[in-house]
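*Asks:* I'd like to ask some things about the structure below.
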Amino acid sequence: MFSKVYSAMIYGLEAEIVNVEVDVGNGIPVFEMGGYLSGEVKEAKDRVRVAIRNSGYELPPQRIIVNISPADKRKDGTGFDLPIALGILAANGIIAQQKLLDCIAIGELSLDGSIHGVNGILPSVCEAAERGYKRCYIPHKNLQEGCMVRGIEVIGVDSLQDIVRKITDNTGTQLHCQQQTHHVEKNQEVIDYLDIRGQQAAKRATLIAVAGMHNIMYIGSPGSGKTMLAKRIATIMPELSYEEKLQLTKIYSVAGELDADMPMVQKRPFRSPHHNITATALLGGGRIPRPGEITLAGKGVLFLDELTEFQPSILEALRQPLEDRKISIVRLNAAYTYPADCMVAGAMNPCKCGYYPDRKKCHCSDREIQRYLGRISQPMWDRFDISVSVERVGFDALSEQTQDTDATDTYSSQSMRKQIEQARQIQRRRFEGMGIYFNAQMRAKEIEQFCHLREKEYEVMRRAYDKFQLTGRGYHKILKTARTIADLEQSEHIETRHLLEAISIRSYERG
Ligand SMILES: [Zn+2]
């Protein structure tokens, strides 16, 4: 007897519907599976057989053949356990085949028949809804996530017996995703630039960086507060739209990083991988392909602390995706793309000992300092438009009370975000229909078009070019930053003061 069950597989960040066909017959008891399956999928036959028996269903010894199609794509993961088991039960008449025609099922079985959660539920349910399926049976653990999708019935199941009963009786608890709101902010520490005393220059540079989505490098001694500054970047970015949240949630779903209680990503990510990270974990890929940190940081911040400690080859591999804002993963018989649209904040010590410019502690020579900065390749430096030195806060600033509210308010996360939103609006209008969104993304032709300098300003740049021995790239970076500073002032023209400030926070260039 023959049966067919629908399920879904993840392909990049998207899902595809697959057919699980089962044929059972008399003959030598064998269990064969085909359809371009990874080792993990093939192991399903052991789990499925035992799980069926332990759930109390008696099956005669029989020949079982399972085929999963389309055959041209490799299937990974453990989510096929459940459809295979359902197929066997249907082929044996324990479930009616017609009840399986308009639904999909996904889940991993354990030997006792219980159903475990799997990754990638959100894209799978989205795809099923789009394809017009009526119902999705998914692991109970993933129910909140699956319920975010409208237009399809999503039913959580926790054991094989449970799903057989729900399919047979046409029952199941249908949840909707209104339970989101009261989870927000749970366990989330509220952080704000107001928490950081002093550091006006670094906060100002951060404001400019976020306004134009310029990558920023913090240079300062240990304990100067680089991490505190970077951590708060996400607090001054505009709120995520619903579409952005959904897109991010899909990424986190495929990566298996969703919180069961708070299934929708609500905040801009802040990812801070350790410098020992592997290329796969940073960029994505792996045996069962998974998005890397650069993708998980999407719409938010990728913070690379102690940048000089990263393997040069890893930083090298990071450059192209940062420029393209996406990363292509190539595998046997498959290639797909993950987005990589995050802002990068880097942090490093100013010199080998870490204490420059404090000459009481630091005895590094200028040459040594240059060599230290040169540990990061020039092409990598070119990814950073802005760099700012973060100095240890002096005692006076630290003990300063909030009586000076004006100065403090300028750098609250709220007021910074307001300024950034205004500057972003100008950029949105400027780049409409051009395929770019932020000043940092301008290429030579847009720089020419939007960073036109009048005579006096041109002269300023000509002098700076000679004085600082800028390269063409360095010159362009300054113009992009200056454009953002002008946008923050809602100034149509780039003025001398904008240029001077952009020059003062330009990133390092090897002379
Ligand atoms: Zn030093």
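Ordering of the structure tokens sets the chain letters (A, B, ...); residue numbers start at 1 within each chain; ligands are numbered from 1 in the order shown.
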Find the residues of region 195-257 of chain A that sit at most 12 Å from region 496-501 of chain A; for each, write down the nearest two atoms and how far apart they are in Å, to one decimal. Count only C-alpha atoms. Sort by chain, then by number going up, and give it as a tab-separated table.

*Replies:*
```
residue	atom	partner	partner_atom	distance
A:Ala201	CA	A:Glu501	CA	10.7
A:Arg204	CA	A:Glu501	CA	10.3
A:Ala205	CA	A:Glu501	CA	9.4
A:Ile208	CA	A:Glu501	CA	10.3
```

*Asks:* Please provide as number ranges by chain all residues within 12 Å of Ser124 (chain A), with the sequence filter that same-chain residues fewer than 3 positions apart are discarded (counting only C-alpha atoms).

*Replies:* A: 6-18, 79, 103-107, 118-121, 127-131, 133, 135-138, 142, 145-149, 152, 154, 250, 253-254

*Asks:* Find the residues near ligand 1. Use a cut-off of 6 Å, count only C-alpha atoms and all ligand atoms, and write them as an MDAnalysis selection string.

*Replies:* chainID A and resid 351:356 362:364

*Asks:* Keeping only all heavy atoms, write the selected residues to a file as an mmCIF file, in the first residue's frame.

*Replies:*
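After the write, selection-v1.cif holds the following:
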```
data_model
loop_
_atom_site.group_PDB
_atom_site.id
_atom_site.type_symbol
_atom_site.label_atom_id
_atom_site.label_comp_id
_atom_site.auth_asym_id
_atom_site.auth_seq_id
_atom_site.Cartn_x
_atom_site.Cartn_y
_atom_site.Cartn_z
ATOM 1 N N CYS A 351 47.784 50.453 20.833
ATOM 2 C CA CYS A 351 49.160 50.028 20.606
ATOM 3 C C CYS A 351 49.351 48.684 21.295
ATOM 4 O O CYS A 351 48.432 48.170 21.928
ATOM 5 C CB CYS A 351 50.146 51.050 21.179
ATOM 6 S SG CYS A 351 50.021 51.177 22.975
ATOM 7 N N LYS A 352 50.541 48.152 21.189
ATOM 8 C CA LYS A 352 50.800 46.819 21.705
ATOM 9 C C LYS A 352 50.539 46.730 23.221
ATOM 10 O O LYS A 352 49.904 45.791 23.705
ATOM 11 C CB LYS A 352 52.238 46.423 21.388
ATOM 12 C CG LYS A 352 52.438 44.943 21.230
ATOM 13 C CD LYS A 352 53.783 44.640 20.596
ATOM 14 C CE LYS A 352 54.790 44.360 21.677
ATOM 15 N NZ LYS A 352 56.163 44.208 21.212
ATOM 16 N N CYS A 353 51.044 47.724 23.960
ATOM 17 C CA CYS A 353 50.845 47.656 25.416
ATOM 18 C C CYS A 353 49.415 48.043 25.780
ATOM 19 O O CYS A 353 48.922 47.677 26.837
ATOM 20 C CB CYS A 353 51.860 48.529 26.145
ATOM 21 S SG CYS A 353 51.439 50.279 26.129
ATOM 22 N N GLY A 354 48.763 48.804 24.900
ATOM 23 C CA GLY A 354 47.365 49.135 25.117
ATOM 24 C C GLY A 354 47.111 50.494 25.751
ATOM 25 O O GLY A 354 45.960 50.878 25.907
ATOM 26 N N TYR A 355 48.175 51.228 26.114
ATOM 27 C CA TYR A 355 47.931 52.442 26.900
ATOM 28 C C TYR A 355 48.206 53.758 26.195
ATOM 29 O O TYR A 355 48.036 54.811 26.779
ATOM 30 C CB TYR A 355 48.683 52.360 28.233
ATOM 31 C CG TYR A 355 48.067 51.311 29.107
ATOM 32 C CD1 TYR A 355 48.652 50.059 29.249
ATOM 33 C CD2 TYR A 355 46.835 51.543 29.716
ATOM 34 C CE1 TYR A 355 48.050 49.068 30.009
ATOM 35 C CE2 TYR A 355 46.230 50.557 30.475
ATOM 36 C CZ TYR A 355 46.836 49.330 30.623
ATOM 37 O OH TYR A 355 46.221 48.365 31.357
ATOM 38 N N TYR A 356 48.669 53.709 24.947
ATOM 39 C CA TYR A 356 48.852 54.960 24.239
ATOM 40 C C TYR A 356 47.538 55.715 24.247
ATOM 41 O O TYR A 356 46.495 55.091 24.057
ATOM 42 C CB TYR A 356 49.313 54.682 22.792
ATOM 43 C CG TYR A 356 49.554 55.926 21.994
ATOM 44 C CD1 TYR A 356 50.768 56.602 22.111
ATOM 45 C CD2 TYR A 356 48.566 56.441 21.163
ATOM 46 C CE1 TYR A 356 50.979 57.770 21.395
ATOM 47 C CE2 TYR A 356 48.766 57.609 20.457
ATOM 48 C CZ TYR A 356 49.971 58.268 20.571
ATOM 49 O OH TYR A 356 50.185 59.423 19.889
ATOM 50 N N CYS A 362 52.666 53.976 28.661
ATOM 51 C CA CYS A 362 53.016 53.459 27.330
ATOM 52 C C CYS A 362 54.352 54.006 26.858
ATOM 53 O O CYS A 362 54.564 55.213 26.826
ATOM 54 C CB CYS A 362 51.932 53.843 26.327
ATOM 55 S SG CYS A 362 52.393 53.571 24.613
ATOM 56 N N HIS A 363 55.238 53.098 26.511
ATOM 57 C CA HIS A 363 56.534 53.516 25.985
ATOM 58 C C HIS A 363 56.720 53.068 24.545
ATOM 59 O O HIS A 363 57.844 52.992 24.058
ATOM 60 C CB HIS A 363 57.659 52.966 26.873
ATOM 61 C CG HIS A 363 57.482 53.364 28.309
ATOM 62 N ND1 HIS A 363 57.659 54.665 28.748
ATOM 63 C CD2 HIS A 363 57.083 52.660 29.389
ATOM 64 C CE1 HIS A 363 57.384 54.724 30.047
ATOM 65 N NE2 HIS A 363 57.029 53.521 30.452
ATOM 66 N N CYS A 364 55.621 52.757 23.874
ATOM 67 C CA CYS A 364 55.723 52.323 22.484
ATOM 68 C C CYS A 364 56.197 53.492 21.614
ATOM 69 O O CYS A 364 55.757 54.629 21.798
ATOM 70 C CB CYS A 364 54.368 51.860 21.962
ATOM 71 S SG CYS A 364 53.655 50.518 22.910
#
```

*Asks:* Please run DSSP on the backbone and report, as a list in words, all residues within region 280-363 of chain A that come out as alpha helix (DSSP H).

*Replies:*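 Written out, the alpha helix (DSSP H) residues of region 280-363 of chain A are Thr280, Ala281, Leu282, Leu283, Glu293, Ile294, Thr295, Leu296, Pro312, Ser313, Ile314, Leu315, Glu316, Ala317, Leu318, Arg319, Gln320, Pro321, Leu322, Glu323 and Asp324 of chain A.
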
*Asks:* Keeping only all heavy atoms, write the selected residues as a compact mmCIF listing (two decimals), in the first residue's frame.

*Replies:*
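Wrote selection.txt, looks like this:
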```txt
# COMPACT_ATOMS: atom_id res chain seq x y z
N THR A 280 33.29 29.41 9.37
CA THR A 280 31.93 28.93 9.17
C THR A 280 30.95 29.59 10.14
O THR A 280 29.86 30.01 9.75
CB THR A 280 31.86 27.40 9.36
OG1 THR A 280 32.80 26.81 8.46
CG2 THR A 280 30.48 26.87 9.07
N ALA A 281 31.36 29.70 11.40
CA ALA A 281 30.46 30.31 12.38
C ALA A 281 30.27 31.80 12.11
O ALA A 281 29.22 32.36 12.39
CB ALA A 281 31.00 30.09 13.78
N LEU A 282 31.28 32.43 11.56
CA LEU A 282 31.18 33.86 11.29
C LEU A 282 30.41 34.14 10.01
O LEU A 282 29.57 35.04 9.95
CB LEU A 282 32.59 34.48 11.20
CG LEU A 282 32.66 35.99 11.02
CD1 LEU A 282 32.02 36.71 12.19
CD2 LEU A 282 34.10 36.45 10.86
N LEU A 283 30.68 33.34 8.99
CA LEU A 283 30.14 33.64 7.66
C LEU A 283 28.94 32.78 7.28
O LEU A 283 28.19 33.13 6.37
CB LEU A 283 31.24 33.46 6.61
CG LEU A 283 32.49 34.30 6.84
CD1 LEU A 283 33.61 33.85 5.93
CD2 LEU A 283 32.19 35.77 6.63
N GLU A 293 27.34 34.55 12.00
CA GLU A 293 27.17 35.77 12.81
C GLU A 293 26.88 36.99 11.94
O GLU A 293 26.11 37.87 12.32
CB GLU A 293 28.43 36.02 13.64
CG GLU A 293 28.61 35.01 14.76
CD GLU A 293 27.54 35.13 15.84
OE1 GLU A 293 27.07 36.24 16.10
OE2 GLU A 293 27.16 34.08 16.40
N ILE A 294 27.52 37.06 10.78
CA ILE A 294 27.35 38.24 9.93
C ILE A 294 25.89 38.36 9.47
O ILE A 294 25.38 39.47 9.30
CB ILE A 294 28.33 38.19 8.74
CG1 ILE A 294 28.33 39.49 7.97
CG2 ILE A 294 28.05 37.03 7.82
CD1 ILE A 294 29.37 39.57 6.88
N THR A 295 25.22 37.22 9.30
CA THR A 295 23.81 37.24 8.91
C THR A 295 22.92 37.43 10.13
O THR A 295 21.93 38.17 10.08
CB THR A 295 23.45 35.92 8.18
OG1 THR A 295 24.28 35.81 7.03
CG2 THR A 295 22.00 35.91 7.76
N LEU A 296 23.30 36.81 11.24
CA LEU A 296 22.51 36.96 12.48
C LEU A 296 22.55 38.40 12.98
O LEU A 296 21.69 38.82 13.74
CB LEU A 296 23.04 36.01 13.55
CG LEU A 296 22.80 34.52 13.26
CD1 LEU A 296 23.65 33.65 14.18
CD2 LEU A 296 21.33 34.18 13.43
N PRO A 312 43.94 36.75 10.45
CA PRO A 312 43.88 37.59 9.25
C PRO A 312 43.03 36.96 8.14
O PRO A 312 42.30 37.67 7.44
CB PRO A 312 45.34 37.69 8.82
CG PRO A 312 46.12 37.46 10.06
CD PRO A 312 45.31 36.53 10.90
N SER A 313 43.07 35.63 8.02
CA SER A 313 42.29 34.99 6.94
C SER A 313 40.79 35.16 7.17
O SER A 313 40.01 35.26 6.22
CB SER A 313 42.64 33.51 6.86
OG SER A 313 42.31 32.88 8.09
N ILE A 314 40.39 35.21 8.44
CA ILE A 314 38.96 35.38 8.75
C ILE A 314 38.52 36.79 8.38
O ILE A 314 37.47 36.99 7.77
CB ILE A 314 38.71 35.12 10.25
CG1 ILE A 314 39.02 33.67 10.57
CG2 ILE A 314 37.33 35.55 10.66
CD1 ILE A 314 37.90 32.90 11.15
N LEU A 315 39.34 37.76 8.73
CA LEU A 315 38.99 39.15 8.40
C LEU A 315 38.96 39.31 6.88
O LEU A 315 38.11 40.02 6.34
CB LEU A 315 39.99 40.12 9.01
CG LEU A 315 39.97 40.19 10.54
CD1 LEU A 315 40.95 41.26 11.03
CD2 LEU A 315 38.58 40.49 11.07
N GLU A 316 39.90 38.64 6.24
CA GLU A 316 39.96 38.70 4.78
C GLU A 316 38.65 38.18 4.18
O GLU A 316 38.08 38.79 3.28
CB GLU A 316 41.15 37.85 4.32
CG GLU A 316 41.55 38.03 2.89
CD GLU A 316 41.87 39.47 2.54
OE1 GLU A 316 42.36 40.24 3.42
OE2 GLU A 316 41.59 39.86 1.41
N ALA A 317 38.18 37.06 4.73
CA ALA A 317 36.96 36.43 4.21
C ALA A 317 35.72 37.29 4.48
O ALA A 317 34.70 37.16 3.82
CB ALA A 317 36.76 35.06 4.84
N LEU A 318 35.83 38.16 5.46
CA LEU A 318 34.70 39.00 5.87
C LEU A 318 34.51 40.19 4.92
O LEU A 318 33.42 40.75 4.82
CB LEU A 318 34.99 39.51 7.28
CG LEU A 318 33.88 40.09 8.13
CD1 LEU A 318 32.77 39.09 8.33
CD2 LEU A 318 34.45 40.53 9.48
N ARG A 319 35.58 40.57 4.26
CA ARG A 319 35.57 41.83 3.51
C ARG A 319 34.53 41.86 2.39
O ARG A 319 33.75 42.80 2.29
CB ARG A 319 36.95 42.08 2.90
CG ARG A 319 37.85 42.86 3.80
CD ARG A 319 38.98 43.49 3.03
NE ARG A 319 39.74 42.56 2.23
CZ ARG A 319 39.85 42.64 0.91
NH1 ARG A 319 39.25 43.59 0.25
NH2 ARG A 319 40.57 41.76 0.25
N GLN A 320 34.55 40.83 1.56
CA GLN A 320 33.67 40.83 0.40
C GLN A 320 32.19 40.84 0.80
O GLN A 320 31.43 41.67 0.30
CB GLN A 320 33.99 39.65 -0.52
CG GLN A 320 33.51 39.85 -1.95
CD GLN A 320 34.11 41.10 -2.59
OE1 GLN A 320 35.30 41.38 -2.45
NE2 GLN A 320 33.27 41.91 -3.24
N PRO A 321 31.78 39.95 1.71
CA PRO A 321 30.37 39.99 2.13
C PRO A 321 29.96 41.35 2.69
O PRO A 321 28.84 41.81 2.46
CB PRO A 321 30.27 38.92 3.21
CG PRO A 321 31.46 38.07 3.07
CD PRO A 321 32.50 38.83 2.32
N LEU A 322 30.87 42.02 3.40
CA LEU A 322 30.51 43.33 3.95
C LEU A 322 30.28 44.32 2.82
O LEU A 322 29.40 45.17 2.89
CB LEU A 322 31.62 43.85 4.87
CG LEU A 322 31.74 43.16 6.23
CD1 LEU A 322 32.86 43.82 7.04
CD2 LEU A 322 30.42 43.23 6.98
N GLU A 323 31.06 44.19 1.79
CA GLU A 323 30.91 45.09 0.66
C GLU A 323 29.63 44.77 -0.14
O GLU A 323 28.89 45.66 -0.52
CB GLU A 323 32.14 44.96 -0.24
CG GLU A 323 32.05 45.78 -1.50
CD GLU A 323 33.29 46.62 -1.72
OE1 GLU A 323 34.32 46.35 -1.09
OE2 GLU A 323 33.21 47.56 -2.54
N ASP A 324 29.39 43.47 -0.35
CA ASP A 324 28.23 43.05 -1.16
C ASP A 324 26.93 43.04 -0.37
O ASP A 324 25.86 42.90 -0.93
CB ASP A 324 28.44 41.62 -1.70
CG ASP A 324 29.68 41.53 -2.58
OD1 ASP A 324 30.16 42.59 -3.02
OD2 ASP A 324 30.17 40.41 -2.79
```

*Asks:* If I take CA of Glu153 (chain A) and CA of Pro263 (chain A), how far is one from the other in Å, to one decimal?

*Replies:*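 For CA of Glu153 (chain A) relative to CA of Pro263 (chain A), the distance reads 17.5 Å.
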
*Asks:* Looking at only C-alpha atoms, which of A:Asp192, A:Asp466, A:Glu509, A:Asp162 is the one that sits closest to Ser377 (chain A)?

*Replies:*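 The closest residue to Ser377 (chain A) is A:Glu509.
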
*Asks:* Need to verify the contact set: Asp169 (chain A), 10 Å, only C-alpha atoms, exclusion of same-chain residues closer than 5 positions in sequence. Can you return it as an MDAnalysis selection string?

*Replies:* chainID A and resid 99 163:164

*Asks:* I need the chosen residues saved as a PDB file, in the first residue's frame, with C-alpha atoms.

*Replies:*
```
ATOM      1  CA  LYS A  99      -6.672  13.478   5.846  1.00  0.00           C
ATOM      2  CA  ILE A 163      -0.755  13.729  16.140  1.00  0.00           C
ATOM      3  CA  VAL A 164      -2.581  10.543  15.099  1.00  0.00           C
TER       4      VAL A 164
END
```

*Asks:* Looking only at the backbone, which of the residues in region 22-114 of chain A does DSSP tag as strand (DSSP E), as a PyMOL selection string?

*Replies:* chain A and resi 22-25+31-34+63-69+103-105+108-109

*Asks:* Mind writing the picked residues with N, CA and C atoms as a PDB file, in the first residue's frame?

*Replies:*
```
ATOM      1  N   VAL A  22       5.618   6.711   0.759  1.00  0.00           N
ATOM      2  CA  VAL A  22       5.910   5.465   1.470  1.00  0.00           C
ATOM      3  C   VAL A  22       5.156   4.324   0.795  1.00  0.00           C
ATOM      4  N   ASP A  23       5.855   3.253   0.570  1.00  0.00           N
ATOM      5  CA  ASP A  23       5.197   2.062   0.055  1.00  0.00           C
ATOM      6  C   ASP A  23       5.505   0.890   0.977  1.00  0.00           C
ATOM      7  N   VAL A  24       4.487   0.209   1.431  1.00  0.00           N
ATOM      8  CA  VAL A  24       4.733  -0.977   2.255  1.00  0.00           C
ATOM      9  C   VAL A  24       4.137  -2.193   1.556  1.00  0.00           C
ATOM     10  N   GLY A  25       4.790  -3.319   1.717  1.00  0.00           N
ATOM     11  CA  GLY A  25       4.294  -4.524   1.062  1.00  0.00           C
ATOM     12  C   GLY A  25       4.826  -5.758   1.745  1.00  0.00           C
ATOM     13  N   PHE A  31      13.847  -1.912   5.158  1.00  0.00           N
ATOM     14  CA  PHE A  31      13.427  -0.507   5.242  1.00  0.00           C
ATOM     15  C   PHE A  31      14.425   0.266   4.383  1.00  0.00           C
ATOM     16  N   GLU A  32      13.969   0.698   3.227  1.00  0.00           N
ATOM     17  CA  GLU A  32      14.882   1.405   2.335  1.00  0.00           C
ATOM     18  C   GLU A  32      14.427   2.840   2.159  1.00  0.00           C
ATOM     19  N   MET A  33      15.427   3.743   2.113  1.00  0.00           N
ATOM     20  CA  MET A  33      15.093   5.148   1.925  1.00  0.00           C
ATOM     21  C   MET A  33      15.934   5.737   0.823  1.00  0.00           C
ATOM     22  N   GLY A  34      15.307   6.556  -0.013  1.00  0.00           N
ATOM     23  CA  GLY A  34      16.050   7.185  -1.100  1.00  0.00           C
ATOM     24  C   GLY A  34      15.590   8.612  -1.306  1.00  0.00           C
ATOM     25  N   ARG A  63       8.044  -4.973   4.064  1.00  0.00           N
ATOM     26  CA  ARG A  63       9.044  -4.274   3.285  1.00  0.00           C
ATOM     27  C   ARG A  63       8.591  -2.802   3.178  1.00  0.00           C
ATOM     28  N   ILE A  64       9.439  -1.879   3.645  1.00  0.00           N
ATOM     29  CA  ILE A  64       9.064  -0.465   3.635  1.00  0.00           C
ATOM     30  C   ILE A  64      10.019   0.293   2.715  1.00  0.00           C
ATOM     31  N   ILE A  65       9.444   1.017   1.767  1.00  0.00           N
ATOM     32  CA  ILE A  65      10.295   1.839   0.903  1.00  0.00           C
ATOM     33  C   ILE A  65       9.830   3.289   1.004  1.00  0.00           C
ATOM     34  N   VAL A  66      10.797   4.169   1.315  1.00  0.00           N
ATOM     35  CA  VAL A  66      10.477   5.589   1.458  1.00  0.00           C
ATOM     36  C   VAL A  66      11.247   6.362   0.409  1.00  0.00           C
ATOM     37  N   ASN A  67      10.559   7.263  -0.255  1.00  0.00           N
ATOM     38  CA  ASN A  67      11.247   8.133  -1.198  1.00  0.00           C
ATOM     39  C   ASN A  67      10.863   9.577  -0.918  1.00  0.00           C
ATOM     40  N   ILE A  68      11.889  10.427  -0.831  1.00  0.00           N
ATOM     41  CA  ILE A  68      11.617  11.842  -0.560  1.00  0.00           C
ATOM     42  C   ILE A  68      12.023  12.648  -1.785  1.00  0.00           C
ATOM     43  N   SER A  69      11.085  13.445  -2.305  1.00  0.00           N
ATOM     44  CA  SER A  69      11.395  14.200  -3.520  1.00  0.00           C
ATOM     45  C   SER A  69      11.073  15.682  -3.300  1.00  0.00           C
ATOM     46  N   CYS A 103      -2.234  18.955   4.230  1.00  0.00           N
ATOM     47  CA  CYS A 103      -1.446  19.426   5.359  1.00  0.00           C
ATOM     48  C   CYS A 103       0.029  19.071   5.179  1.00  0.00           C
ATOM     49  N   ILE A 104       0.870  19.731   5.953  1.00  0.00           N
ATOM     50  CA  ILE A 104       2.266  19.320   6.001  1.00  0.00           C
ATOM     51  C   ILE A 104       2.604  18.966   7.454  1.00  0.00           C
ATOM     52  N   ALA A 105       3.606  18.123   7.623  1.00  0.00           N
ATOM     53  CA  ALA A 105       4.031  17.721   8.970  1.00  0.00           C
ATOM     54  C   ALA A 105       5.548  17.792   9.052  1.00  0.00           C
ATOM     55  N   GLU A 108      10.932  16.029  14.690  1.00  0.00           N
ATOM     56  CA  GLU A 108      11.879  14.958  14.978  1.00  0.00           C
ATOM     57  C   GLU A 108      11.250  14.031  16.010  1.00  0.00           C
ATOM     58  N   LEU A 109      11.419  12.734  15.793  1.00  0.00           N
ATOM     59  CA  LEU A 109      10.856  11.766  16.740  1.00  0.00           C
ATOM     60  C   LEU A 109      11.939  11.273  17.682  1.00  0.00           C
TER      61      LEU A 109
END
```

*Asks:* Point out the residue among A:Pro291, A:Gly198, A:Pro273, A:Gly225 with the least atom-to-atom distance to Ser412 (chain A), counting only C-alpha atoms.

*Replies:* A:Gly198

*Asks:* Using only C-alpha atoms, which residue out of A:Cys451, A:Cys126, A:Leu488, A:Gly39 lies closest to Tyr475 (chain A)?

*Replies:* A:Cys451

*Asks:* Quick one: residues within 12 Å of Ser241 (chain A), only C-alpha atoms counted, chain neighbours fewer than 4 positions away excluded, as a VMD selection string?

*Replies:* chain A and resid 237 245 to 248 265 to 268 299

*Asks:* How would the residues just chosen look if you wrote them out with all heavy atoms as an mmCIF file, in the first residue's frame?

*Replies:*
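Result written to again-v7.cif:
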```cif
data_model
loop_
_atom_site.group_PDB
_atom_site.id
_atom_site.type_symbol
_atom_site.label_atom_id
_atom_site.label_comp_id
_atom_site.auth_asym_id
_atom_site.auth_seq_id
_atom_site.Cartn_x
_atom_site.Cartn_y
_atom_site.Cartn_z
ATOM 1 N N MET A 237 19.325 52.941 16.759
ATOM 2 C CA MET A 237 18.838 52.676 15.411
ATOM 3 C C MET A 237 17.318 52.768 15.415
ATOM 4 O O MET A 237 16.684 52.471 16.431
ATOM 5 C CB MET A 237 19.271 51.280 14.975
ATOM 6 C CG MET A 237 20.778 51.192 14.728
ATOM 7 S SD MET A 237 21.254 49.515 14.297
ATOM 8 C CE MET A 237 22.728 49.825 13.340
ATOM 9 N N LYS A 245 11.245 42.518 11.136
ATOM 10 C CA LYS A 245 11.187 41.553 12.240
ATOM 11 C C LYS A 245 10.958 40.143 11.697
ATOM 12 O O LYS A 245 11.598 39.193 12.141
ATOM 13 C CB LYS A 245 10.046 41.903 13.203
ATOM 14 C CG LYS A 245 10.326 43.097 14.085
ATOM 15 C CD LYS A 245 9.130 43.361 14.992
ATOM 16 C CE LYS A 245 9.313 44.660 15.761
ATOM 17 N NZ LYS A 245 8.095 45.028 16.491
ATOM 18 N N LEU A 246 10.052 40.048 10.748
ATOM 19 C CA LEU A 246 9.726 38.739 10.188
ATOM 20 C C LEU A 246 10.951 38.150 9.466
ATOM 21 O O LEU A 246 11.272 36.969 9.603
ATOM 22 C CB LEU A 246 8.555 38.879 9.214
ATOM 23 C CG LEU A 246 7.745 37.620 8.966
ATOM 24 C CD1 LEU A 246 7.109 37.109 10.243
ATOM 25 C CD2 LEU A 246 6.659 37.887 7.924
ATOM 26 N N GLN A 247 11.627 39.007 8.720
ATOM 27 C CA GLN A 247 12.822 38.577 7.989
ATOM 28 C C GLN A 247 13.896 38.084 8.952
ATOM 29 O O GLN A 247 14.504 37.038 8.742
ATOM 30 C CB GLN A 247 13.367 39.801 7.248
ATOM 31 C CG GLN A 247 13.687 39.586 5.802
ATOM 32 C CD GLN A 247 14.098 40.923 5.188
ATOM 33 O OE1 GLN A 247 13.532 41.971 5.508
ATOM 34 N NE2 GLN A 247 15.087 40.891 4.330
ATOM 35 N N LEU A 248 14.102 38.843 10.021
ATOM 36 C CA LEU A 248 15.097 38.447 11.018
ATOM 37 C C LEU A 248 14.685 37.162 11.719
ATOM 38 O O LEU A 248 15.509 36.297 11.995
ATOM 39 C CB LEU A 248 15.250 39.542 12.076
ATOM 40 C CG LEU A 248 16.226 40.667 11.774
ATOM 41 C CD1 LEU A 248 16.125 41.744 12.849
ATOM 42 C CD2 LEU A 248 17.654 40.138 11.709
ATOM 43 N N VAL A 265 11.706 37.997 16.715
ATOM 44 C CA VAL A 265 12.800 38.911 17.015
ATOM 45 C C VAL A 265 12.217 40.317 17.082
ATOM 46 O O VAL A 265 11.556 40.773 16.154
ATOM 47 C CB VAL A 265 13.896 38.842 15.931
ATOM 48 C CG1 VAL A 265 14.985 39.862 16.204
ATOM 49 C CG2 VAL A 265 14.483 37.439 15.865
ATOM 50 N N GLN A 266 12.425 40.984 18.208
ATOM 51 C CA GLN A 266 11.808 42.299 18.412
ATOM 52 C C GLN A 266 12.808 43.437 18.330
ATOM 53 O O GLN A 266 12.440 44.578 18.105
ATOM 54 C CB GLN A 266 11.133 42.354 19.793
ATOM 55 C CG GLN A 266 10.012 41.350 19.987
ATOM 56 C CD GLN A 266 8.737 41.752 19.261
ATOM 57 O OE1 GLN A 266 8.644 42.844 18.721
ATOM 58 N NE2 GLN A 266 7.766 40.857 19.226
ATOM 59 N N LYS A 267 14.062 43.110 18.568
ATOM 60 C CA LYS A 267 15.050 44.185 18.661
ATOM 61 C C LYS A 267 16.154 43.984 17.656
ATOM 62 O O LYS A 267 16.439 42.860 17.257
ATOM 63 C CB LYS A 267 15.665 44.178 20.061
ATOM 64 C CG LYS A 267 14.722 44.639 21.123
ATOM 65 C CD LYS A 267 15.490 44.906 22.389
ATOM 66 C CE LYS A 267 14.637 45.752 23.323
ATOM 67 N NZ LYS A 267 15.339 46.049 24.556
ATOM 68 N N ARG A 268 16.800 45.065 17.308
ATOM 69 C CA ARG A 268 17.945 44.950 16.399
ATOM 70 C C ARG A 268 19.040 44.144 17.077
ATOM 71 O O ARG A 268 19.355 44.369 18.238
ATOM 72 C CB ARG A 268 18.454 46.341 16.025
ATOM 73 C CG ARG A 268 17.423 47.096 15.226
ATOM 74 C CD ARG A 268 18.007 48.260 14.470
ATOM 75 N NE ARG A 268 16.934 48.967 13.790
ATOM 76 C CZ ARG A 268 16.643 48.809 12.498
ATOM 77 N NH1 ARG A 268 17.358 47.985 11.756
ATOM 78 N NH2 ARG A 268 15.650 49.471 11.958
ATOM 79 N N LYS A 299 20.503 43.898 10.069
ATOM 80 C CA LYS A 299 19.716 45.071 10.516
ATOM 81 C C LYS A 299 20.201 45.593 11.867
ATOM 82 O O LYS A 299 19.546 46.436 12.471
ATOM 83 C CB LYS A 299 18.226 44.756 10.650
ATOM 84 C CG LYS A 299 17.685 43.836 9.607
ATOM 85 C CD LYS A 299 17.073 44.607 8.485
ATOM 86 C CE LYS A 299 16.582 43.686 7.390
ATOM 87 N NZ LYS A 299 17.032 44.117 6.080
#
```
